[in-house]
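One structure is given here, and the rest of the page talks about it.
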Amino acid sequence: MYGDEATIRTILTGLGDTWAVVGLSNNRSRAAYGVAEVLRRYGKRVVPVHPKAEPVGGEQGYASLADIPFDVDVVDVFVNSELAGAVADEAVAKGARAVWFQLGVVDEAAYERTRAAGLEMVMDACPAIEIPRLG
C-alpha cells in the first residue's frame, strides 16, 4: 500500500466529502458498488464516473471526470492499473484534492506525478476497509 495512516486519515476526513468513483455502475456484483455504499454510509457524496454515465444511488453519472460540472474532492479509481495513470492525470486536471487507487491498482509513475502536482494519494488500498478503522 502506498499512503501512510496520516494520509489515509486526511483523505477520508479532511479533504471534503465529494468523491468521484471511476468505474462505478449499477452492477451490484462489482466492488465499486459496495465501496460506494460504504462511502455513502459515512456521509460522502458519491458521483459515478463510467462510460455509460448512468445514475447510481440517486446521483447523476458522468462519462468522464471532465464532464462533472462541479468540484470533486477525491477521485476513487476502480479501473485496471494500465488505465489508472490517465485517470490520475484527469484528477489533477479536474482540480481534485486527492486520488485513491483501489486494492490491486498500482502505477508508481502516476503516484509520483500526482504527489508532485500537490495532491494527496493512496494506492493499492480500499477506503471501505480504512474508514471504519478511523473510529
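All residue names refer to the C-alpha cells as shown: chains lettered A, B, ... in order, residues numbered from 1 in each chain, ligands numbered from 1 in order.
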Point to revise | DSSP-assigned strand (DSSP E or B) among stretch 6-74 of chain A, expressed as a VMD selection string | key: chain A and resid 18 to 22 45 to 49 56 59 62 74
Review point. Between A:Asp107, A:Glu37, A:Asp89, A:Asp67, which has the minimum distance to A:Met123 (counting only C-alpha atoms)?
Key: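 Residue with the minimum atom-to-atom distance to A:Met123: A:Asp107.
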**Study point:** Within 8 Å of stretch 4-15 of chain A using only C-alpha atoms, minus same-chain residues under 3 positions, as a ChimeraX atom specification
**Key:** /A:73-74,97-98,120-122,127,130-131,134
Check your understanding: Quick one: DSSP helix (DSSP H, G or I) residues in stretch 64-94 of chain A, as a PyMOL selection string?
Key -> chain A and resi 65-67+81-94
